[in-house]
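**Student:** Structure incoming, see below.
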Amino acid sequence: MLFEGIAREIQVHEPLIDSFYGPDKMLSLIEMLQVECDKESERIIAAFIKNRQYESKAKLVERFSRNVDKYASSEKMDALELDVILSEVTLMHTRAELYWRYLRRRLNAANAKTDEQRKEATSEDMSDEDRRKMEEAAAKEKVERDRKLDNLLNRSLLGTKMQELSGRYILMEEYYMKESVAKAMNMDAREADYKVAEFVVCGLRMRYVEQWGDCA
């Protein structure tokens with residue numbers, strides 16, 4: 001509910017920002033909210049790492065991956081143990097990405113409002129040169145706001161923590177996929193052996209019936 005709460009705060013304060021400060025101040029609101037978002041995100045991710053033993057499982061996977069031939073199948077971590085963890089990390093990444101996209105949409109909407117206000121305030125008597133300079137200044141301001149938002153999100157504590165999770169996630173997902181495929185292939189091989197054995201038994205039974213008749 002963290003990201004939803006921030007979205008509600010933006011929706012509540014956006015009209016006030018527009019009325020009293022101008023839509024170009026939306027980035028300032030986002031910066032203040034991101035500080036609180038980082039604090040809560042750090043607490044939530046730390047709890048996840050602790051409760052799911054994320055780091056210890058990642059270290060085990062790394063050890064198994066480096067010494068594939070050293071461990072027997074029974075000694076390796078069951079890939080199913082990672083299934084829930086990987087699903088939860090994927091969900092966190094998805095929600096964080098949706099949150100970042102939402103912030104960019106709100107900033108783009110604020111930029112559009114700022115441009116509209118500037119157009120309305122433009123005097124008909126303004127020379128083409130002054131109009132061009134004003135448009136160039138507005139474009140530079142927009143680029144600068146977009147750059148600041150990108151830096152804010154990429155360097156935020158939320159972004160840093162998600163990158164740390166991603167590094168471990170890739171390693172565990174690779175292990176999960178390899179073990180799942182190997183397990184599936186072993187099951188197929190056992191099933192094929194069972195079918196061959198069943199076929200041989202049926203063949204012997206038919207041959208017995210042909211030679212000695214059905215005792216039943």
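Residue numbering restarts at 1 in every chain; chains get A, B, ... in the order shown in the structure tokens, and ligands count up from 1 in that same order.
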Considering only C-alpha atoms, return as a PyMOL selection string whatever protein or nucleic-acid residues lie within 9 Å of Tyr169 (chain A), sequence-local ones (same chain, fewer than 5 positions apart) excluded.
**Tutor:** chain A and resi 58+85-86+89-90+164+174
**Student:** If you run DSSP over the backbone, which residues in region 68-168 of chain A end up helix (DSSP H, G or I)? Put them as a VMD selection string.
**Tutor:** chain A and resid 79 to 121 128 to 154 157 to 168
**Student:** So, counting only C-alpha atoms, which residue among A:Met134, A:Ala112, A:Val12, A:Ile6 is closest to Cys37 (chain A)?
**Tutor:**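 For Cys37 (chain A), the nearest of the candidates is A:Ile6.
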**Student:** Taking 4 positions as the minimum chain separation for residues in the same chain, which residues sit within 9 Å of Glu62 (chain A) when counting only C-alpha atoms? Answer as a PyMOL selection string.
**Tutor:** chain A and resi 57-58+66-67+171-172+175
**Student:** One number please: CA of Gln11 (chain A) to CA of Lys161 (chain A), in Å, one decimal.
**Tutor:**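 Straight-line distance from CA of Gln11 (chain A) to CA of Lys161 (chain A) works out to 26.3 Å.
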**Student:** From the options A:Asp83, A:Glu141, A:Asp115, A:Glu135, which residue's atoms come nearest to Glu173 (chain A), counting only C-alpha atoms?
**Tutor:**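 Under the stated criterion, the closest residue is A:Asp83.
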**Student:** Report, in Å with one decimal, the straight-line distance from CA of Lys119 (chain A) to CA of Arg131 (chain A).
**Tutor:**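 These two atoms are separated by 9.7 Å.
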**Student:** I want to know what sits within 8 Å of region 143-154 of chain A, based on only C-alpha atoms, with residues of the same chain fewer than 2 positions away left out; could you give that as a ChimeraX atom specification?
**Tutor:** /A:27,31,100,104,107,139-141,156,158-160
**Student:** If you keep C-alpha atoms, can you produce a file of those selected residues as a short mmCIF file (atom, residue, chain, number, x, y, z; two decimals), in the first residue's frame?
**Tutor:**
```cif
data_model
loop_
_atom_site.label_atom_id
_atom_site.label_comp_id
_atom_site.auth_asym_id
_atom_site.auth_seq_id
_atom_site.Cartn_x
_atom_site.Cartn_y
_atom_site.Cartn_z
CA LEU A 27 8.73 17.92 -8.98
CA GLU A 31 11.03 14.95 -4.14
CA TRP A 100 7.99 5.16 -11.27
CA ARG A 104 6.67 10.29 -14.76
CA LEU A 107 5.35 15.15 -14.10
CA ALA A 139 11.88 23.34 -23.40
CA LYS A 140 15.11 23.55 -21.38
CA GLU A 141 13.15 23.70 -18.12
CA SER A 156 16.85 6.88 -4.54
CA LEU A 158 14.26 2.46 -3.31
CA GLY A 159 16.09 2.22 -6.63
CA THR A 160 19.32 1.13 -4.92
#
```
**Student:** Which residue out of A:Tyr176, A:Leu157, A:Lys25, A:Met185 has the minimum interatomic distance to Ser87 (chain A) when only C-alpha atoms are used?
**Tutor:**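 Smallest distance to Ser87 (chain A) is found for A:Tyr176.
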**Student:** Quote the spacing between CA of Ser180 (chain A) and CA of Ala79 (chain A) in Å to one decimal place.
**Tutor:**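 Computing it gives 6.5 Å between the two atoms.
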**Student:** May I ask which of the residues A:Ala137, A:Leu98, A:His13, A:Met77 is the closest one to Lys59 (chain A), counting only C-alpha atoms?
**Tutor:** A:Met77
